[in-house]
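Listing of final05.txt, compact mmCIF, C-alpha atoms
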```
# COMPACT_ATOMS: atom_id res chain seq x y z
CA MET T 1406 -27.56 4.69 -36.92
CA GLN T 1407 -25.97 7.41 -39.03
CA TYR T 1408 -27.74 10.66 -39.84
CA LEU T 1409 -26.40 12.31 -43.00
CA ALA T 1410 -27.47 15.61 -44.53
CA PRO T 1411 -25.93 16.07 -47.99
CA GLU T 1412 -26.12 19.45 -49.70
CA ASN T 1413 -26.68 18.36 -53.28
CA THR T 1414 -28.50 15.61 -55.13
CA ALA T 1415 -25.31 13.93 -56.44
CA ASP T 1416 -24.00 13.52 -52.88
CA ALA T 1417 -27.38 12.13 -51.77
CA VAL T 1418 -27.26 9.55 -54.59
CA ALA T 1419 -23.67 8.62 -53.68
CA LEU T 1420 -24.60 8.14 -50.01
CA LEU T 1421 -27.74 6.16 -50.84
CA SER T 1422 -25.79 3.96 -53.29
CA LYS T 1423 -22.80 3.29 -51.05
CA SER T 1424 -24.51 2.84 -47.69
CA LYS T 1425 -25.03 -0.71 -46.51
CA GLY T 1426 -27.97 -2.09 -44.57
CA SER T 1427 -31.29 -0.37 -44.05
CA VAL T 1428 -30.96 2.99 -45.84
CA HIS T 1429 -33.78 5.53 -45.81
CA VAL T 1430 -34.45 8.95 -47.31
CA LEU T 1431 -35.79 11.47 -44.80
CA ALA T 1432 -37.96 14.29 -46.10
CA GLY T 1433 -40.79 15.27 -43.72
CA GLY T 1434 -40.41 12.17 -41.59
CA SER T 1435 -44.14 11.83 -40.98
CA ASP T 1436 -44.08 8.24 -42.22
CA LEU T 1437 -40.47 7.22 -41.54
CA LEU T 1438 -40.34 8.30 -37.89
CA VAL T 1439 -43.69 6.62 -37.20
CA ARG T 1440 -42.35 3.37 -38.66
CA MET T 1441 -39.14 3.72 -36.61
CA LYS T 1442 -41.17 4.32 -33.43
CA GLY T 1443 -43.28 1.24 -34.16
CA GLY T 1444 -40.19 -0.87 -34.73
CA TYR T 1445 -41.15 -1.63 -38.34
CA VAL T 1446 -37.84 -0.25 -39.60
CA GLU T 1447 -34.47 0.10 -37.92
CA PRO T 1448 -32.44 2.32 -40.22
CA ASP T 1449 -28.67 2.02 -40.36
CA VAL T 1450 -28.46 5.20 -42.38
CA ILE T 1451 -30.84 8.13 -42.79
CA VAL T 1452 -30.20 10.59 -45.60
CA ASP T 1453 -31.96 13.88 -44.86
CA ILE T 1454 -32.65 15.66 -48.17
CA LYS T 1455 -33.83 18.97 -46.69
CA HIS T 1456 -30.44 20.66 -47.06
CA ILE T 1457 -30.40 20.11 -50.82
CA LYS T 1458 -31.12 23.36 -52.62
CA GLN T 1459 -32.66 21.76 -55.74
CA MET T 1460 -35.15 19.95 -53.54
CA ASN T 1461 -36.29 22.97 -51.56
CA GLY T 1462 -38.24 25.26 -53.81
CA ILE T 1463 -41.30 25.59 -56.00
CA LYS T 1464 -40.33 26.95 -59.42
CA LYS T 1465 -42.72 28.21 -62.06
CA THR T 1466 -41.28 27.71 -65.55
CA ALA T 1467 -42.55 27.92 -69.11
CA ASP T 1468 -43.16 24.17 -68.89
CA GLY T 1469 -45.19 24.33 -65.68
CA PHE T 1470 -44.05 23.88 -62.09
CA ILE T 1471 -41.13 22.08 -60.49
CA ILE T 1472 -41.78 21.12 -56.87
CA GLY T 1473 -38.74 20.04 -54.85
CA ALA T 1474 -38.95 16.78 -52.93
CA ALA T 1475 -38.36 18.49 -49.59
CA VAL T 1476 -41.11 21.12 -49.95
CA SER T 1477 -43.75 20.71 -47.25
CA CYS T 1478 -47.41 20.45 -48.18
CA ALA T 1479 -48.04 23.59 -46.10
CA LYS T 1480 -45.76 25.45 -48.55
CA LEU T 1481 -47.77 24.16 -51.51
CA GLY T 1482 -50.89 25.62 -49.92
CA GLU T 1483 -49.20 28.99 -49.48
CA HIS T 1484 -48.10 29.18 -53.15
CA VAL T 1485 -50.72 31.34 -54.86
CA ALA T 1486 -49.76 30.57 -58.48
CA LEU T 1487 -49.60 26.83 -57.86
CA ARG T 1488 -52.96 26.86 -56.12
CA LYS T 1489 -54.48 28.72 -59.04
CA ALA T 1490 -53.02 26.42 -61.71
CA TRP T 1491 -53.43 23.09 -59.86
CA PRO T 1492 -56.17 23.50 -57.23
CA GLY T 1493 -56.80 19.74 -57.13
CA VAL T 1494 -53.17 18.82 -56.47
CA VAL T 1495 -52.94 21.43 -53.72
CA GLU T 1496 -56.23 20.46 -52.07
CA ALA T 1497 -55.15 16.82 -52.08
CA ALA T 1498 -51.75 17.66 -50.55
CA ASN T 1499 -53.39 19.86 -47.93
CA LEU T 1500 -55.72 17.04 -46.80
CA ILE T 1501 -52.80 14.98 -45.48
CA GLY T 1502 -52.88 14.94 -41.66
CA SER T 1503 -53.09 17.91 -39.34
CA ASP T 1504 -51.49 21.37 -39.55
CA GLN T 1505 -48.58 19.85 -37.61
CA ILE T 1506 -48.14 17.14 -40.27
CA GLN T 1507 -48.61 19.69 -43.07
CA GLY T 1508 -45.57 21.56 -41.75
CA ARG T 1509 -43.42 18.53 -42.53
CA CYS T 1510 -45.04 16.14 -44.99
CA THR T 1511 -44.21 16.23 -48.70
CA ILE T 1512 -45.90 15.01 -51.88
CA VAL T 1513 -42.79 13.06 -52.84
CA GLY T 1514 -42.83 11.36 -49.44
CA ASN T 1515 -46.50 10.61 -49.96
CA LEU T 1516 -45.67 9.12 -53.37
CA CYS T 1517 -42.68 7.05 -52.18
CA ASN T 1518 -44.40 5.79 -49.03
CA ALA T 1519 -46.63 4.07 -51.58
CA SER T 1520 -49.82 3.77 -49.58
CA PRO T 1521 -52.76 2.94 -51.88
CA ALA T 1522 -54.72 5.57 -49.91
CA ALA T 1523 -52.16 8.39 -50.27
CA ASP T 1524 -54.10 11.60 -50.85
CA SER T 1525 -51.80 13.46 -53.19
CA VAL T 1526 -51.04 10.53 -55.52
CA PRO T 1527 -54.35 10.32 -57.46
CA ALA T 1528 -54.22 14.10 -57.94
CA LEU T 1529 -50.64 13.87 -59.26
CA ILE T 1530 -51.56 11.00 -61.58
CA ALA T 1531 -54.56 12.94 -62.93
CA ALA T 1532 -52.27 15.94 -63.41
CA ASN T 1533 -49.90 13.81 -65.49
CA ALA T 1534 -47.06 14.71 -63.14
CA VAL T 1535 -43.56 13.39 -63.67
CA ALA T 1536 -41.09 12.38 -60.95
CA VAL T 1537 -37.53 13.46 -61.68
CA VAL T 1538 -35.47 10.53 -60.38
CA HIS T 1539 -31.71 10.73 -59.79
CA GLY T 1540 -29.64 7.62 -59.34
CA PRO T 1541 -26.24 6.02 -59.85
CA LYS T 1542 -26.96 5.75 -63.58
CA GLY T 1543 -28.04 9.37 -63.97
CA GLU T 1544 -31.36 11.10 -64.22
CA ARG T 1545 -34.63 9.68 -65.51
CA ASP T 1546 -38.18 10.98 -65.71
CA VAL T 1547 -40.86 8.62 -64.45
CA ASP T 1548 -44.63 9.06 -64.67
CA VAL T 1549 -45.86 9.30 -61.08
CA ALA T 1550 -48.29 6.46 -61.83
CA LYS T 1551 -45.23 4.20 -62.29
CA ILE T 1552 -43.54 4.98 -58.95
CA GLY T 1553 -45.84 3.03 -56.63
CA THR T 1554 -46.09 -0.66 -57.47
CA GLY T 1555 -48.07 -1.90 -54.46
CA PRO T 1556 -48.57 -1.15 -50.76
CA GLY T 1557 -45.23 0.18 -49.45
CA LYS T 1558 -43.40 -0.75 -52.67
CA THR T 1559 -41.94 1.48 -55.38
CA SER T 1560 -40.12 1.01 -58.67
CA LEU T 1561 -37.15 3.04 -57.37
CA LYS T 1562 -33.86 1.17 -57.41
CA LYS T 1563 -31.03 1.13 -54.87
CA GLY T 1564 -29.42 4.57 -54.76
CA GLU T 1565 -32.28 6.37 -56.47
CA VAL T 1566 -34.02 9.41 -55.04
CA VAL T 1567 -36.80 11.60 -56.39
CA GLU T 1568 -35.46 15.14 -56.70
CA SER T 1569 -38.67 16.87 -57.74
CA ILE T 1570 -42.12 16.59 -59.24
CA ARG T 1571 -42.86 18.33 -62.54
CA LEU T 1572 -46.38 19.51 -63.22
CA PRO T 1573 -47.17 20.44 -66.82
CA ALA T 1574 -47.98 23.97 -67.97
CA ARG T 1575 -51.64 24.91 -67.85
CA SER T 1576 -53.67 25.91 -70.87
CA ALA T 1577 -56.62 28.20 -70.36
CA LYS T 1578 -59.89 26.59 -69.27
CA SER T 1579 -58.13 23.79 -67.41
CA ALA T 1580 -58.71 22.69 -63.84
CA ASP T 1581 -58.43 19.73 -61.53
CA ALA T 1582 -60.18 18.56 -58.37
CA TYR T 1583 -59.62 15.95 -55.68
CA LEU T 1584 -62.17 14.44 -53.32
CA ARG T 1585 -61.84 11.76 -50.70
CA PHE T 1586 -64.29 10.05 -48.42
CA THR T 1587 -63.40 9.75 -44.74
CA PRO T 1588 -65.64 9.24 -41.69
CA ARG T 1589 -64.08 12.34 -40.06
CA THR T 1590 -63.39 15.58 -41.89
CA GLU T 1591 -59.79 15.77 -40.64
CA MET T 1592 -56.95 13.49 -39.54
CA ASP T 1593 -58.22 10.46 -41.39
CA ILE T 1594 -57.21 8.12 -44.18
CA ALA T 1595 -59.15 7.90 -47.45
CA VAL T 1596 -61.68 5.09 -47.75
CA VAL T 1597 -61.94 6.02 -51.42
CA SER T 1598 -60.61 9.02 -53.33
CA ALA T 1599 -60.91 10.45 -56.83
CA ALA T 1600 -59.07 13.07 -58.86
CA VAL T 1601 -60.14 14.57 -62.17
CA ASN T 1602 -58.10 16.90 -64.37
CA LEU T 1603 -59.67 18.35 -67.50
CA THR T 1604 -59.36 20.97 -70.23
CA LEU T 1605 -62.28 22.55 -72.03
CA GLY T 1606 -62.47 23.46 -75.71
CA ALA T 1607 -65.09 25.57 -77.45
CA LYS T 1608 -68.60 25.75 -75.96
CA GLY T 1609 -67.63 23.97 -72.76
CA VAL T 1610 -66.84 20.68 -74.52
CA ILE T 1611 -64.22 18.65 -72.66
CA LYS T 1612 -61.16 18.38 -74.89
CA ASP T 1613 -58.94 16.37 -72.63
CA ALA T 1614 -59.30 14.61 -69.28
CA ARG T 1615 -57.54 12.30 -66.86
CA VAL T 1616 -59.25 10.45 -64.01
CA SER T 1617 -57.50 8.71 -61.14
CA LEU T 1618 -58.81 6.73 -58.15
CA GLY T 1619 -57.18 6.06 -54.78
CA ALA T 1620 -57.71 3.40 -52.08
CA VAL T 1621 -59.56 1.03 -54.43
CA ALA T 1622 -56.59 -1.08 -55.59
CA PRO T 1623 -53.04 -1.95 -54.43
CA ARG T 1624 -51.94 1.40 -55.90
CA ALA T 1625 -53.61 4.55 -57.17
CA LEU T 1626 -55.13 3.94 -60.59
CA LEU T 1627 -55.33 5.90 -63.79
CA VAL T 1628 -58.75 5.16 -65.28
CA PRO T 1629 -58.63 5.92 -69.03
CA ALA T 1630 -62.17 4.57 -69.58
CA ALA T 1631 -63.54 7.15 -67.15
CA ALA T 1632 -61.73 9.94 -68.98
CA LYS T 1633 -62.94 8.65 -72.34
CA ALA T 1634 -66.53 8.74 -71.04
CA ILE T 1635 -66.43 12.53 -70.63
CA ILE T 1636 -64.09 13.66 -73.42
CA GLY T 1637 -66.11 15.28 -76.21
CA THR T 1638 -69.05 15.98 -73.89
CA THR T 1639 -70.27 18.93 -71.84
CA LEU T 1640 -70.43 16.66 -68.81
CA ASP T 1641 -74.10 15.91 -69.38
CA ASP T 1642 -75.90 13.30 -67.29
CA ALA T 1643 -75.22 10.50 -69.76
CA ALA T 1644 -71.48 11.25 -69.74
CA LEU T 1645 -71.43 11.40 -65.94
CA ALA T 1646 -73.24 8.06 -65.71
CA LYS T 1647 -70.66 6.49 -68.04
CA LEU T 1648 -67.81 7.97 -66.03
CA ALA T 1649 -69.37 6.64 -62.83
CA SER T 1650 -69.65 3.09 -64.14
CA ALA T 1651 -66.10 3.23 -65.52
CA CYS T 1652 -64.86 4.26 -62.06
CA SER T 1653 -66.68 1.37 -60.37
CA ALA T 1654 -65.48 -1.07 -63.02
CA ALA T 1655 -61.84 -0.10 -62.40
CA CYS T 1656 -62.02 -0.85 -58.67
CA ASN T 1657 -60.15 -3.79 -57.21
CA PRO T 1658 -60.36 -2.93 -53.51
CA ILE T 1659 -59.96 -4.82 -50.25
CA ASP T 1660 -62.42 -5.26 -47.37
CA ASP T 1661 -61.04 -3.66 -44.24
CA LYS T 1662 -62.16 -1.66 -41.20
CA ARG T 1663 -62.51 1.46 -43.34
CA GLY T 1664 -64.84 0.03 -45.96
CA THR T 1665 -66.05 -3.06 -47.76
CA VAL T 1666 -65.39 -3.97 -51.38
CA ALA T 1667 -69.01 -3.19 -52.31
CA TYR T 1668 -68.97 0.14 -50.50
CA ARG T 1669 -65.68 1.29 -52.00
CA THR T 1670 -66.79 0.27 -55.48
CA LYS T 1671 -69.98 2.30 -55.15
CA VAL T 1672 -68.39 5.37 -53.55
CA ALA T 1673 -65.67 5.49 -56.24
CA ALA T 1674 -68.42 6.20 -58.78
CA VAL T 1675 -69.93 8.95 -56.63
CA LEU T 1676 -66.61 10.67 -55.95
CA GLY T 1677 -65.49 10.35 -59.58
CA ARG T 1678 -68.66 12.10 -60.68
CA ARG T 1679 -68.42 14.84 -58.06
CA ALA T 1680 -64.72 15.48 -58.74
CA ALA T 1681 -65.50 15.78 -62.45
CA GLU T 1682 -68.27 18.30 -61.73
CA SER T 1683 -65.96 20.30 -59.49
CA ALA T 1684 -63.11 20.35 -62.04
CA TYR T 1685 -65.55 21.25 -64.82
CA ALA T 1686 -66.93 24.22 -62.85
CA ARG T 1687 -63.43 25.38 -61.93
CA ALA T 1688 -62.42 25.27 -65.58
CA GLY T 1689 -65.27 27.63 -66.36
CA GLY T 1690 -67.76 25.07 -67.66
CA LYS T 1691 -71.41 26.00 -67.15
CA LYS T 1692 -74.13 23.45 -66.51
CA MET R 243 -23.64 7.92 -33.24
CA ALA R 244 -23.79 10.99 -31.00
CA MET R 245 -24.50 14.29 -32.69
CA LEU R 246 -23.75 17.80 -31.46
CA VAL R 247 -26.58 20.11 -32.41
CA SER R 248 -26.50 23.92 -32.31
CA THR R 249 -29.86 25.55 -32.35
CA THR R 250 -31.88 28.50 -31.06
CA ILE R 251 -34.64 27.70 -28.57
CA ASN R 252 -37.09 30.41 -27.55
CA GLY R 253 -34.55 32.99 -28.69
CA ASP R 254 -31.56 31.54 -26.82
CA ALA R 255 -28.61 29.91 -28.58
CA THR R 256 -28.66 26.34 -27.27
CA ASP R 257 -26.40 23.35 -27.97
CA PHE R 258 -27.24 19.79 -27.11
CA SER R 259 -25.95 16.36 -27.94
CA CYS R 260 -28.21 13.50 -28.91
CA GLU R 261 -28.17 10.16 -30.64
CA ALA R 262 -28.70 10.19 -34.41
CA ASP R 263 -32.01 8.34 -34.09
CA GLU R 264 -33.26 10.38 -31.13
CA THR R 265 -36.35 12.51 -31.66
CA LEU R 266 -36.32 16.23 -31.01
CA LEU R 267 -39.06 15.59 -28.45
CA ASP R 268 -36.79 13.29 -26.46
CA ALA R 269 -33.84 15.66 -26.81
CA LEU R 270 -35.91 18.62 -25.53
CA ARG R 271 -37.31 16.66 -22.59
CA ASN R 272 -34.40 14.46 -21.58
CA ARG R 273 -31.32 16.46 -22.60
CA LEU R 274 -32.59 19.99 -21.99
CA SER R 275 -35.25 19.31 -19.31
CA MET R 276 -37.82 21.21 -21.34
CA THR R 277 -40.71 19.16 -20.05
CA GLY R 278 -43.39 21.58 -21.25
CA VAL R 279 -43.21 19.58 -24.47
CA LYS R 280 -45.32 16.49 -23.80
CA GLU R 281 -45.32 13.04 -25.31
CA GLY R 282 -48.78 11.67 -26.02
CA CYS R 283 -48.79 9.18 -28.87
CA GLY R 284 -45.29 9.58 -30.26
CA THR R 285 -46.66 9.11 -33.78
CA GLY R 286 -47.91 12.54 -34.82
CA ASP R 287 -51.58 11.94 -34.05
CA CYS R 288 -52.18 13.83 -30.80
CA GLY R 289 -50.21 17.09 -31.05
CA ALA R 290 -49.09 17.13 -27.38
CA CYS R 291 -45.49 17.62 -28.51
CA SER R 292 -46.28 20.57 -30.83
CA ILE R 293 -43.50 23.12 -31.29
CA THR R 294 -42.54 25.45 -34.10
CA LEU R 295 -39.45 24.82 -36.20
CA ASP R 296 -38.43 27.92 -38.15
CA GLY R 297 -41.99 29.11 -37.63
CA ALA R 298 -43.71 25.97 -38.93
CA LEU R 299 -45.97 24.08 -36.54
CA VAL R 300 -44.70 20.50 -36.21
CA CYS R 301 -44.91 17.48 -33.92
CA SER R 302 -41.50 17.24 -32.26
CA CYS R 303 -41.96 13.45 -31.99
CA LEU R 304 -41.69 13.32 -35.80
CA VAL R 305 -38.50 15.38 -36.00
CA LEU R 306 -35.03 14.04 -35.29
CA GLY R 307 -32.95 16.05 -32.83
CA ALA R 308 -30.24 16.17 -35.48
CA GLU R 309 -32.60 17.99 -37.84
CA ALA R 310 -32.71 20.98 -35.49
CA GLN R 311 -29.12 21.93 -36.42
CA GLY R 312 -29.04 25.64 -37.27
CA ARG R 313 -32.77 26.03 -36.84
CA SER R 314 -35.00 28.05 -34.58
CA ILE R 315 -37.38 26.32 -32.16
CA GLU R 316 -40.24 27.80 -30.15
CA THR R 317 -41.92 25.87 -27.33
CA VAL R 318 -44.58 26.61 -24.72
CA GLU R 319 -41.78 27.67 -22.38
CA GLY R 320 -41.21 30.72 -24.56
CA MET R 321 -44.82 31.92 -24.62
CA SER R 322 -45.05 33.99 -21.44
CA ASP R 323 -43.22 37.27 -20.99
CA GLY R 324 -41.54 36.44 -17.69
CA GLU R 325 -44.33 36.20 -15.15
CA LYS R 326 -46.84 37.71 -17.55
CA LEU R 327 -48.80 34.98 -19.26
CA HIS R 328 -49.53 35.04 -22.99
CA PRO R 329 -53.21 35.94 -23.59
CA LEU R 330 -53.85 32.36 -24.71
CA GLN R 331 -52.40 30.99 -21.47
CA GLN R 332 -54.45 33.47 -19.42
CA LYS R 333 -57.67 32.63 -21.27
CA PHE R 334 -57.10 28.88 -20.98
CA LEU R 335 -57.00 29.41 -17.20
CA GLU R 336 -60.03 31.71 -17.12
CA HIS R 337 -62.12 29.37 -19.26
CA ALA R 338 -60.91 26.26 -17.40
CA ALA R 339 -59.87 24.90 -20.79
CA LEU R 340 -57.78 22.17 -19.23
CA GLN R 341 -58.06 19.40 -16.71
CA CYS R 342 -55.04 17.11 -16.64
CA GLY R 343 -53.01 19.55 -18.72
CA ILE R 344 -51.04 17.09 -20.84
CA CYS R 345 -52.49 18.37 -24.09
CA THR R 346 -52.39 22.05 -23.06
CA PRO R 347 -48.87 23.05 -24.18
CA GLY R 348 -49.55 21.61 -27.64
CA PHE R 349 -52.89 23.38 -27.89
CA LEU R 350 -51.29 26.67 -26.82
CA VAL R 351 -48.47 26.42 -29.37
CA ALA R 352 -50.87 25.42 -32.18
CA ALA R 353 -53.36 28.15 -31.25
CA LYS R 354 -50.59 30.76 -31.21
CA VAL R 355 -49.58 29.78 -34.75
CA LEU R 356 -53.22 29.96 -35.84
CA LEU R 357 -53.73 33.46 -34.39
CA GLU R 358 -50.53 34.75 -35.97
CA LYS R 359 -51.87 33.71 -39.37
CA ASN R 360 -55.50 34.51 -38.72
CA PRO R 361 -56.23 36.97 -35.89
CA ASN R 362 -59.99 36.55 -36.20
CA PRO R 363 -60.78 32.88 -36.90
CA THR R 364 -64.30 31.51 -36.96
CA GLU R 365 -65.18 28.65 -34.64
CA SER R 366 -64.97 26.27 -37.57
CA GLU R 367 -61.53 27.57 -38.54
CA ILE R 368 -60.33 27.07 -34.96
CA ARG R 369 -61.66 23.52 -34.88
CA TYR R 370 -59.94 22.66 -38.17
CA ALA R 371 -56.68 24.33 -37.15
CA LEU R 372 -56.64 22.41 -33.85
CA ALA R 373 -57.73 19.07 -35.36
CA GLY R 374 -54.18 17.78 -34.84
CA ASN R 375 -54.42 18.31 -31.08
CA LEU R 376 -56.33 15.77 -29.02
CA CYS R 377 -57.78 16.29 -25.54
CA ARG R 378 -59.06 13.29 -23.58
CA CYS R 379 -60.66 15.08 -20.62
CA THR R 380 -61.99 18.61 -21.08
CA GLY R 381 -63.58 18.26 -24.45
CA TYR R 382 -63.04 20.91 -27.01
CA ASP R 383 -65.70 23.55 -26.34
CA LYS R 384 -63.85 25.29 -23.53
CA ILE R 385 -60.64 25.23 -25.55
CA VAL R 386 -62.38 26.80 -28.55
CA ARG R 387 -63.96 29.49 -26.31
CA ALA R 388 -60.60 30.26 -24.74
CA VAL R 389 -58.98 30.68 -28.16
CA GLN R 390 -61.82 32.92 -29.35
CA ASP R 391 -61.56 35.07 -26.22
CA ALA R 392 -57.76 35.32 -26.46
CA ALA R 393 -58.08 36.26 -30.14
CA ALA R 394 -60.54 39.03 -29.25
CA GLN R 395 -58.21 40.36 -26.56
CA MET R 396 -55.18 40.23 -28.86
CA ARG R 397 -57.08 42.11 -31.57
CA ARG R 398 -57.84 44.90 -29.08
CA ALA R 399 -54.22 45.12 -27.89
```

As structure tokens, what does this structure read like?
Amino acid sequence: MQYLAPENTADAVALLSKSKGSVHVLAGGSDLLVRMKGGYVEPDVIVDIKHIKQMNGIKKTADGFIIGAAVSCAKLGEHVALRKAWPGVVEAANLIGSDQIQGRCTIVGNLCNASPAADSVPALIAANAVAVVHGPKGERDVDVAKIGTGPGKTSLKKGEVVESIRLPARSAKSADAYLRFTPRTEMDIAVVSAAVNLTLGAKGVIKDARVSLGAVAPRALLVPAAAKAIIGTTLDDAALAKLASACSAACNPIDDKRGTVAYRTKVAAVLGRRAAESAYARAGGKK
Amino acid sequence: MAMLVSTTINGDATDFSCEADETLLDALRNRLSMTGVKEGCGTGDCGACSITLDGALVCSCLVLGAEAQGRSIETVEGMSDGEKLHPLQQKFLEHAALQCGICTPGFLVAAKVLLEKNPNPTESEIRYALAGNLCRCTGYDKIVRAVQDAAAQMRRA
């Protein structure tokens, strides 16, 4: 196996494009090294992206935030401005694994590992985040919802690497929230998860919203019907009930040791409602 | 492919060679005989191999040896001041917060990172911060008490 540590994105793309065999990007390694240990992958080439400057920082710009692909989730939690603007994204990222895992794991790794139960992905989808993808044919922006295509599968092509995640600028009275259900409070994988991102207009009326669910389908889902149910409302009981049924209706889960189809479908409604209430309160809405 | 890695371990400049796919855990134990770093699960679940890498708490089983190039590593071996134990080590002994001892180095390293960030953690904060460290024999109460007691002593110092 070859270990390569390029210092810029163009070199990473060149190495990923040219290398033959089993070629893997290494960010935090908290998925890749586990799969290597288990014998599920035997890389011929590992391209470590942590020496690439463009992938290493969190930048606040007029258009929002740019989070480099190599930034650990612990660093997201330490970034005061990011936490204030996107509390849901940060709380989702900070739920991944232990403090030890937090020191290494990244949201881009979480996205590209493409687990349907990835914690940060529903929050990123609700946030309308964009993945900045570099490849042999240049740069393209991809909605995060279009990166994962199924368990362990992404839409990224040979030679492509995600350089960063862009989060949009925040208007006043906006907030997001992420909730997951797990049997333990720590070190566990979501049975169901929900993220809600919303913006309030005058008198606490929801002007815009996005709702996303995790672990209830082969990939994290954007649920436009759930958002539609609360837009134009003050998150009254009727709106919450509509949102809850839209969340359940969107579910297409599996039965496994973590939960049954019926259970996941029901809990998705509960978490969708609670995440909406949390985001609404954070945005300054009064009920 | 063998790699030559230059790093700083517990303050000392240290070079080692390792295979490209070798974990930092294996390099520390097998190349440098630093057997204070333990292997439990090898998959980042148990925390027995906890070290810090440029100050960040990580599982060394989930880091490649090659990634340590140019970086600073702290392990349990660097905690005591010569013969003088770190307050956490002393309190783990006093509270009998270990039986077989395999998990202890990881707990000590993780607890040290916690107390550097938060010198006065609540019991709940300690339990969350140490959720990535598993103990199969003592149970966690004695460990939590030892960390609380060490924190109190370090605040007085």

Task: Who sits within 10 Å of segment 1487-1500 of chain T, only C-alpha atoms, same chain under 5 positions skipped, as a VMD selection string - done: chain T and resid 1463 to 1465 1469 to 1470 1472 1477 to 1482 1506 to 1507 1510 to 1512 1515 1523 to 1532 1534 1572 to 1577 1579 to 1585 1590 to 1595 1598 to 1602 1680 1683 to 1684 1687

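Among the candidates R:Ala399, R:Val318, R:Leu335, R:Val300, the one nearest to Pro347 of chain R when counting all atoms listed in the file is R:Val318.
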
Task: Residue among R:Ala338, R:Cys345, R:Met396, R:Met245 lying closest to chain T, counting all atoms listed in the file - done: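 Checking each candidate against chain T, we get R:Met245 as the closest.
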
- [ ] Find the residues around Met321 of chain R up to 9 Å (all atoms listed in the file counted), leave out those fewer than 2 positions away in its own chain, and share them as a PyMOL selection string.
- [x] chain R and resi 252+316-319+323-324+327-328+331+350-351+354

Please save C-alpha atoms of the selected residues as a compact mmCIF listing (two decimals), in the coordinates of the input.
```txt
# COMPACT_ATOMS: atom_id res chain seq x y z
CA ASN R 252 -37.09 30.41 -27.55
CA GLU R 316 -40.24 27.80 -30.15
CA THR R 317 -41.92 25.87 -27.33
CA VAL R 318 -44.58 26.61 -24.72
CA GLU R 319 -41.78 27.67 -22.38
CA ASP R 323 -43.22 37.27 -20.99
CA GLY R 324 -41.54 36.44 -17.69
CA LEU R 327 -48.80 34.98 -19.26
CA HIS R 328 -49.53 35.04 -22.99
CA GLN R 331 -52.40 30.99 -21.47
CA LEU R 350 -51.29 26.67 -26.82
CA VAL R 351 -48.47 26.42 -29.37
CA LYS R 354 -50.59 30.76 -31.21
```

TODO: Just need the residues of chain T within 12 Å of chain R, counting only C-alpha atoms, so spit them out as a ChimeraX atom specification.
DONE: /T:1406-1410,1431-1444,1446-1456,1477-1480,1483,1500-1510,1589-1593

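Nearest to Asp296 of chain R of all the residues R:Gly278, R:Gly253, R:Pro329, R:Pro361 is R:Gly253, based on only C-alpha atoms.
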
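Take atom CA of Ala1654 of chain T and atom CA of Arg1624 of chain T: the distance between them is 15.5 Å.
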
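For Ile1636 of chain T, the residues within 10 Å (counting only C-alpha atoms, excluding itself and residues fewer than 6 positions away along the chain) are Leu1603, Thr1604, Leu1605, Val1610, Ile1611, Lys1612, Asp1613, Ala1614, Arg1615 and Ala1644 of chain T.
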
How about saving the chosen residues, C-alpha atoms kept, as a PDB file, in the coordinates of the input?
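Output file out_20.pdb is given in full below:
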```pdb
ATOM      1  CA  LEU T1603     -59.670  18.350 -67.500  1.00  0.00           C
ATOM      2  CA  THR T1604     -59.360  20.970 -70.230  1.00  0.00           C
ATOM      3  CA  LEU T1605     -62.280  22.550 -72.030  1.00  0.00           C
ATOM      4  CA  VAL T1610     -66.840  20.680 -74.520  1.00  0.00           C
ATOM      5  CA  ILE T1611     -64.220  18.650 -72.660  1.00  0.00           C
ATOM      6  CA  LYS T1612     -61.160  18.380 -74.890  1.00  0.00           C
ATOM      7  CA  ASP T1613     -58.940  16.370 -72.630  1.00  0.00           C
ATOM      8  CA  ALA T1614     -59.300  14.610 -69.280  1.00  0.00           C
ATOM      9  CA  ARG T1615     -57.540  12.300 -66.860  1.00  0.00           C
ATOM     10  CA  ALA T1644     -71.480  11.250 -69.740  1.00  0.00           C
TER      11      ALA T1644
END
```

Open item on the list: Report, in Å with one decimal, the straight-line distance from atom CA of Gly1557 of chain T to atom CA of Asn1657 of chain T.
Closed with: 17.3 Å

Open item on the list: With distances taken over all atoms listed in the file, which residue among T:His1484, T:Lys1671, T:Lys1691, T:His1429 lies nearest Phe1586 of chain T?
Closed with: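 Ranked by minimum distance to Phe1586 of chain T, first place goes to T:Lys1671.
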
- [ ] Determine the nearest neighbour of Glu336 of chain R from the options R:Lys359, R:Lys384, R:Arg271, R:Lys280, counting all atoms listed in the file.
- [x]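 Checking each candidate against Glu336 of chain R, we get R:Lys384 as the closest.
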